[in-house]
Each structure stands twice: as structure tokens, then as C-alpha cells.
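Inspection log for the structure reproduced underneath, given as C-alpha cells.
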Amino acid sequence: MPLTAATGQSIHLPSSTDVSSAGTTPKEFRARTFVASARRRNDVDTDSLTPTPITHFSETETMLAESISKWANEAVAPKVRQMDEEEKMDPEVVEQMFEQGLMAFEIPEEYGGAGMNFTSAIVGIEELARVDPSVSVMCDVHNTLVVTSILKYGSEKLKKEWLPKLATNTVGSFCLSEPASGSDAFALKTKAEKTENGYKINGSKMWITNSLEADFFLVFANLNPEAGYKGITAFIVTKDTKGFSIAKKEKKLGIRASSTCVINFDDVEVPKENLLGQEGQGYKYAISLLNEGRIGIGAQMTGLALGAWENAAKYVWNDRKQFGQLVGEFQGMQHQLAQAYTEICAARALVYNAARKKEAGEDFVTDAAMAKLYASQVAGKVSSLAVEWMGGMGFVREGIAEKMFRDSKIGAIYEGTSNIQLTTIAKTLQKKYTQ
């Protein structure tokens, strides 16, 4: 299904029925979209680069943003309210996300993906969140946590087996949190033990995103509890594995269409080839993946804030009148709109600075923490104000204002709470300024 950018140029993200000239099967399409100028930038010589504005997009990234915005407003927006009320992701939306290439940003072309850069994924996550943060987080977790885990730590065999599936029809899920290990993630109790043919996992996971839609689960379990967190190991588990079960679907305040479930593992047999990376290295993998994932959550929050702001701004500057004039013409309202937009732009600068530093191979951990922290704060503030700006129309469930307000709260919680981000930032500052 081709998307058309605002420039009028047709942009093609192959559908699942496309067949490449190389003879791939329909479900192994090559999402070649945008690859010309959006190659992965793992080894960038920053000294040779001409400084540009942080939020400057390449032509490809600009076209990507326009195209995703067009698709989201046409295909997702009409379903947002129903999905939120039913607390369920529309299967057609999930299918179309694969068809549009939105689940394969960084997957190399040789595995059926788009071969794009990290910032392209961030652009996509942000644009989706302007319409529906629930759809955005599915894209985010799948790309920044699951796909990245295979790209960084998977063997060539795992890459050949899973990347084509993750690019075309298989949703991924990241299983780290447990009932007693949230912020203290490495206190997890799920255990793994070696068997003759591989491993056996027992335990439970909680707050697992994408769990209803996913078939691929990246599971962290402790293979050597005596070693503490250094025994944590990462495994690939499929939904159809005996002993794997979804015990409960949570009913949430926000991002209701995104599935969040409790998952149980009862003597789940994992073949040895489904070990991700090395035994005992899971804690390192989790830290690295979550650092990248936090940039994605930051983008989800800036997208949410933009969506809430734009929805309210259009209303107060075009529809809502009081005392004989549009509400948006009152200076007090204009100042609030200007202040909110300024803070959104500041949050976006943090997000895209972290993304570019990650691409350039620079240390971005503190930048990612600041981006997620501030973007979630701005999203909560702006979405709350947007409800007030719209008055009664912001409080009812006919539009997206109250939904965006509810959705914003999760930004301060998942993939590291705001306090965890503050701790990360403070430790860096303390190390720098301690004499």
C-alpha cells in the first residue's frame, strides 16, 4: 500500500502480497522504503559532520513523518475511540502496521526490513502517538526493544529465523518485569535451569506489553540465582510453547488498546538455540535495550503532547467562543498555548538529541534519561491543560482530549520511572562534579 507524502511524492511500503525480484515469498517482503538516505548509522565520524539543528530531519525522515501521519490519520484515527472503549487493538491496525513497514525500521534489507536508521524509528513512534499512543507503544516496544535485541545480541541463525518474521507478521514482546521486581528489575524470581536439550523456565512476568498480539517473547530468567543478577539470561519463547500461558489481562487507566498482561511459565522448555547471546549476560542486555527504549518512550510522550496540543489549539482558535469571541483570541489563553508549545519543542530537542547521539555511537544514557523524564512531564502537563482549554468538550469521551490525558500518565512509569531517571541523571552529575 503506497503512502503519499505532503510533497505529493508516492512512497511505497510493500504490502504482504508484494513479491520482490529476488523471489521472496509474499510474507518475506522487503520493506525497502526510505532506505536510500536512511541507512543505519552505527559508525559515524562526528568530527566530519556539519552541525545542524537537533530536530532537523533528512529528506527521507521528513517524507517518513508525513507518510506515517497520513496513514495514521486515515487508518487509525477513526478507530481510536472504539479501541480505547473495547480495550483491544484492532487486528487490522496491527496487520497494516506490518504492511506499512512500521515494524521493521532498523531490520536490514537482507532480512526483509527497511534498513533505516534509529531516528527513523523515533520519528515513526512520535507520529503514531500524535494519533494514538496505544498504537505507538506497540511499534515502540517491537522496534526498540525486541528487534534491537536480535540485531545486537542474536546469532546469525537467530537473525535469519526471526528478523524476517518480525518484519512481516510477528509481534514481539519484552518480558522483564515481575510482581516484585519493577524498578528493582534484577530482583526477578523467574528461574531457568539447564536440561539435556536446552533450558526449562518457571515463574511469572507482569505488566507485559503486546502480550496478547505477540508470538515472540524475549524472556529474562535467572539461570544461576547464586550469582545474583549476574545469573540473569535472555531467552526466546514462542506463544505456542507448552507451559506458556497468559494469566490475566490488566484493565488500565490509559493506553487501553495496548495489551498488558500477566504471563506464567510452567516448565517451559526452551531449545538451546533460543538462548539469546551468552548465559549470564541478560542483565547487561536489559540495561542496554532499556536505555534505547527510553528514547522511544520520550518520542511517544512528545507525540502525545503534540497530538493533545494540536487538537485543543484547533478547537479554541476555530470553534469555541465565549463573550463574543474565540477563546483562543484571549491573551491569557494564547500565553498558555505558547508556553505549552515551547515546552513540547524543548522536550523534542532532548529526544532527538538522544537519538542522534545514539546513532553517532556516543554515550547517550543520561540524554535518554533526561529525554524520557522531561517528555513525560510535558505530556502530562500539556494533555491536562488541553482538557481545560476545551472545557466540557475536553472532559467527555467524544474526542481524544481526555484519552490523551489518561494515556500520558504511563510515561512516568514504564521503562524506568521518573525517579529512576532522576537517579540516573544525578549519578552522572555527581561523578562529573565530585572532586
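Chain labels follow the order of the C-alpha cells: the first chain is A, the next B, and so on; residue numbering restarts at 1 in every chain, and ligands are counted from 1 in their shown order.
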**Report entry** Close residues, A:Tyr153 itself excluded, 8 Å, only C-alpha atoms, min 6 positions apart in chain, as a list in words
**Finding:**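 Near A:Tyr153, the qualifying residues are Leu276, Gly277 and Tyr285 of chain A.
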Report task. Pick out each residue of stretch 138-205 of chain A that DSSP on the backbone tags as helix (DSSP H, G or I); I need them as a PyMOL selection string. Result -> chain A and resi 138-153+156-168+185-187
Let's have the selection written as a CSV table (one decimal), in the first residue's frame, with N, CA, C and O atoms.
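The resulting selection39.csv:
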chain,number,residue,atom,x,y,z
A,138,MET,N,3.0,-0.1,20.8
A,138,MET,CA,3.2,-1.4,20.2
A,138,MET,C,4.4,-1.3,19.2
A,138,MET,O,5.3,-2.2,19.2
A,139,CYS,N,4.4,-0.3,18.4
A,139,CYS,CA,5.5,0.0,17.5
A,139,CYS,C,6.8,0.1,18.2
A,139,CYS,O,7.9,-0.4,17.8
A,140,ASP,N,6.8,0.9,19.3
A,140,ASP,CA,8.0,1.2,20.1
A,140,ASP,C,8.6,0.0,20.7
A,140,ASP,O,9.8,-0.3,20.5
A,141,VAL,N,7.9,-0.8,21.5
A,141,VAL,CA,8.4,-2.0,22.1
A,141,VAL,C,8.9,-3.0,21.1
A,141,VAL,O,10.0,-3.6,21.2
A,142,HIS,N,8.2,-3.2,20.0
A,142,HIS,CA,8.6,-4.1,19.0
A,142,HIS,C,9.9,-3.7,18.3
A,142,HIS,O,10.8,-4.6,18.2
A,143,ASN,N,10.1,-2.4,18.0
A,143,ASN,CA,11.3,-2.0,17.3
A,143,ASN,C,12.4,-1.7,18.2
A,143,ASN,O,13.5,-2.2,18.0
A,144,THR,N,12.3,-0.9,19.3
A,144,THR,CA,13.4,-0.5,20.1
A,144,THR,C,13.9,-1.6,21.1
A,144,THR,O,15.1,-1.5,21.5
A,145,LEU,N,13.0,-2.5,21.5
A,145,LEU,CA,13.4,-3.5,22.5
A,145,LEU,C,13.6,-4.8,21.8
A,145,LEU,O,14.7,-5.5,21.9
A,146,VAL,N,12.6,-5.3,21.1
A,146,VAL,CA,12.6,-6.7,20.6
A,146,VAL,C,13.6,-6.8,19.4
A,146,VAL,O,14.5,-7.6,19.4
A,147,VAL,N,13.3,-6.0,18.3
A,147,VAL,CA,14.1,-6.1,17.1
A,147,VAL,C,15.6,-5.8,17.5
A,147,VAL,O,16.5,-6.5,17.0
A,148,THR,N,15.8,-4.8,18.3
A,148,THR,CA,17.1,-4.4,18.6
A,148,THR,C,17.8,-5.5,19.4
A,148,THR,O,19.1,-5.7,19.2
A,149,SER,N,17.1,-6.3,20.2
A,149,SER,CA,17.8,-7.4,20.9
A,149,SER,C,18.3,-8.4,20.0
A,149,SER,O,19.4,-8.9,20.2
A,150,ILE,N,17.6,-8.7,18.9
A,150,ILE,CA,18.1,-9.7,17.9
A,150,ILE,C,19.2,-9.1,17.1
A,150,ILE,O,20.3,-9.8,16.8
A,151,LEU,N,19.1,-7.9,16.7
A,151,LEU,CA,20.2,-7.2,15.9
A,151,LEU,C,21.5,-7.1,16.7
A,151,LEU,O,22.6,-7.3,16.1
A,152,LYS,N,21.4,-6.8,18.0
A,152,LYS,CA,22.6,-6.6,18.8
A,152,LYS,C,23.2,-7.9,19.3
A,152,LYS,O,24.4,-8.1,19.4
A,153,TYR,N,22.3,-8.8,19.8
A,153,TYR,CA,22.8,-10.0,20.5
A,153,TYR,C,22.5,-11.3,19.9
A,153,TYR,O,23.0,-12.4,20.4
A,156,GLU,N,23.7,-15.4,14.0
A,156,GLU,CA,23.2,-15.3,12.6
A,156,GLU,C,22.1,-16.2,12.4
A,156,GLU,O,21.1,-15.9,11.6
A,157,LYS,N,22.0,-17.3,13.0
A,157,LYS,CA,20.9,-18.3,12.9
A,157,LYS,C,19.6,-17.7,13.4
A,157,LYS,O,18.6,-17.8,12.7
A,158,LEU,N,19.7,-17.0,14.5
A,158,LEU,CA,18.5,-16.4,15.1
A,158,LEU,C,18.1,-15.2,14.2
A,158,LEU,O,16.8,-15.0,14.1
A,159,LYS,N,19.0,-14.5,13.7
A,159,LYS,CA,18.6,-13.4,12.8
A,159,LYS,C,17.9,-13.9,11.6
A,159,LYS,O,16.9,-13.3,11.2
A,160,LYS,N,18.4,-14.9,11.0
A,160,LYS,CA,17.8,-15.5,9.8
A,160,LYS,C,16.4,-16.0,10.1
A,160,LYS,O,15.5,-16.0,9.2
A,161,GLU,N,16.3,-16.6,11.3
A,161,GLU,CA,15.0,-17.2,11.6
A,161,GLU,C,13.9,-16.2,12.0
A,161,GLU,O,12.8,-16.3,11.6
A,162,TRP,N,14.4,-15.1,12.8
A,162,TRP,CA,13.4,-14.3,13.4
A,162,TRP,C,13.2,-12.9,12.8
A,162,TRP,O,12.1,-12.3,12.7
A,163,LEU,N,14.2,-12.3,12.2
A,163,LEU,CA,14.1,-11.0,11.7
A,163,LEU,C,13.1,-10.9,10.5
A,163,LEU,O,12.3,-9.9,10.5
A,164,PRO,N,13.1,-11.8,9.6
A,164,PRO,CA,12.0,-11.8,8.5
A,164,PRO,C,10.6,-11.9,9.1
A,164,PRO,O,9.7,-11.2,8.6
A,165,LYS,N,10.5,-12.6,10.2
A,165,LYS,CA,9.1,-12.8,10.8
A,165,LYS,C,8.7,-11.5,11.5
A,165,LYS,O,7.6,-11.0,11.4
A,166,LEU,N,9.7,-10.9,12.2
A,166,LEU,CA,9.4,-9.7,13.0
A,166,LEU,C,9.2,-8.5,12.0
A,166,LEU,O,8.5,-7.5,12.4
A,167,ALA,N,9.7,-8.6,10.8
A,167,ALA,CA,9.5,-7.6,9.8
A,167,ALA,C,8.1,-7.7,9.1
A,167,ALA,O,7.6,-6.7,8.6
A,168,THR,N,7.5,-8.9,9.1
A,168,THR,CA,6.3,-9.1,8.3
A,168,THR,C,5.1,-9.5,9.0
A,168,THR,O,4.0,-9.0,8.6
A,185,ALA,N,14.5,-4.2,38.8
A,185,ALA,CA,14.3,-5.2,37.8
A,185,ALA,C,15.1,-6.5,38.0
A,185,ALA,O,14.6,-7.6,37.7
A,186,PHE,N,16.3,-6.4,38.6
A,186,PHE,CA,17.2,-7.5,38.6
A,186,PHE,C,16.9,-8.4,39.9
A,186,PHE,O,17.6,-9.3,40.2
A,187,ALA,N,15.8,-8.0,40.6
A,187,ALA,CA,15.4,-8.9,41.7
A,187,ALA,C,14.4,-9.9,41.2
A,187,ALA,O,13.7,-10.6,42.0
Report task. Excluding stretch 340-345 of chain A and any residue of its chain fewer than 6 positions from it, enumerate the residues within 7 Å of it, using only C-alpha atoms, and give them as a PyMOL selection string. Result -> chain A and resi 302+305+378+382
Report task. Identify, with DSSP run on backbone atoms, the residues in stretch 70-201 of chain A assigned to strand (DSSP E), and express the list as a ChimeraX atom specification. Result -> /A:171-175,191-194,198-201
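One finds atom CA of A:Ser177 at 13.3 Å from atom CA of A:Lys191.
Closest to A:Met404 among A:Asn224, A:Asn311, A:Thr366, A:Gln96 is A:Asn311, based on only C-alpha atoms.
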Requested in this report: Please identify all polymer residues within 9 Å of A:Val268, counting only C-alpha atoms, omitting same-chain residues fewer than 5 positions from it, and present them as a ChimeraX atom specification.
Outcome: /A:199-202,237,241-244
Report task. Please identify all polymer residues within 8 Å of A:Ile232, counting only C-alpha atoms, omitting same-chain residues fewer than 2 positions from it, and present them as a VMD selection string. Result -> chain A and resid 186 220 to 225 228 to 230 234 279 to 283
Take the residues from that selection and write them out as a compact mmCIF listing (two decimals), in the first residue's frame, keeping C-alpha atoms.
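Result saved to selection.txt:
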# COMPACT_ATOMS: atom_id res chain seq x y z
CA PHE A 186 17.17 -7.51 38.64
CA PHE A 220 14.67 -12.78 31.17
CA ALA A 221 15.19 -15.51 33.78
CA ASN A 222 17.89 -16.29 36.31
CA LEU A 223 19.94 -19.31 35.30
CA ASN A 224 22.20 -19.07 38.35
CA PRO A 225 20.44 -17.45 41.33
CA GLY A 228 22.56 -12.80 41.79
CA TYR A 229 21.82 -10.54 38.87
CA LYS A 230 24.84 -11.94 37.03
CA ALA A 234 17.77 -13.92 27.98
CA GLU A 279 24.45 -17.13 29.59
CA GLY A 280 24.59 -14.68 32.49
CA GLN A 281 24.68 -11.61 30.25
CA GLY A 282 20.96 -10.87 30.32
CA TYR A 283 21.28 -8.05 32.83
Query raised in the report: Counting only C-alpha atoms, which of A:Thr60, A:Thr195, A:Ser258, A:Thr119 gets nearest to A:Glu85?
Result: A:Ser258
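Distance annotation: of A:Lys409, A:Lys239, A:Arg397, A:Arg356, the residue with the minimal separation from A:Thr170 is A:Lys239; atom set is only C-alpha atoms.
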**Report entry** Among listed residues A:Gln377, A:Asp132, A:Cys175, A:Ala349, nearest A:Ala72 (using only C-alpha atoms)
**Finding:**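 Selected residue with least distance to A:Ala72: A:Asp132.
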Report task. Write out as a list in words which residues come within 7 Å of A:Glu127 when counting only C-alpha atoms, dropping same-chain ones fewer than 4 positions away. Result -> Ala65, Ile68, Ser69, Val123 and Gly303 of chain A
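Shortest atom-to-atom contact with A:Met206 among A:Leu306, A:Val262, A:Leu290, A:Met116: A:Val262, counting only C-alpha atoms.
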Query raised in the report: Out of A:Glu388, A:Glu402, A:Glu92, A:Glu415, which residue has the shortest atom-to-atom distance to A:Leu373 when counting only C-alpha atoms?
Result: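 Residue with the minimum atom-to-atom distance to A:Leu373: A:Glu415.
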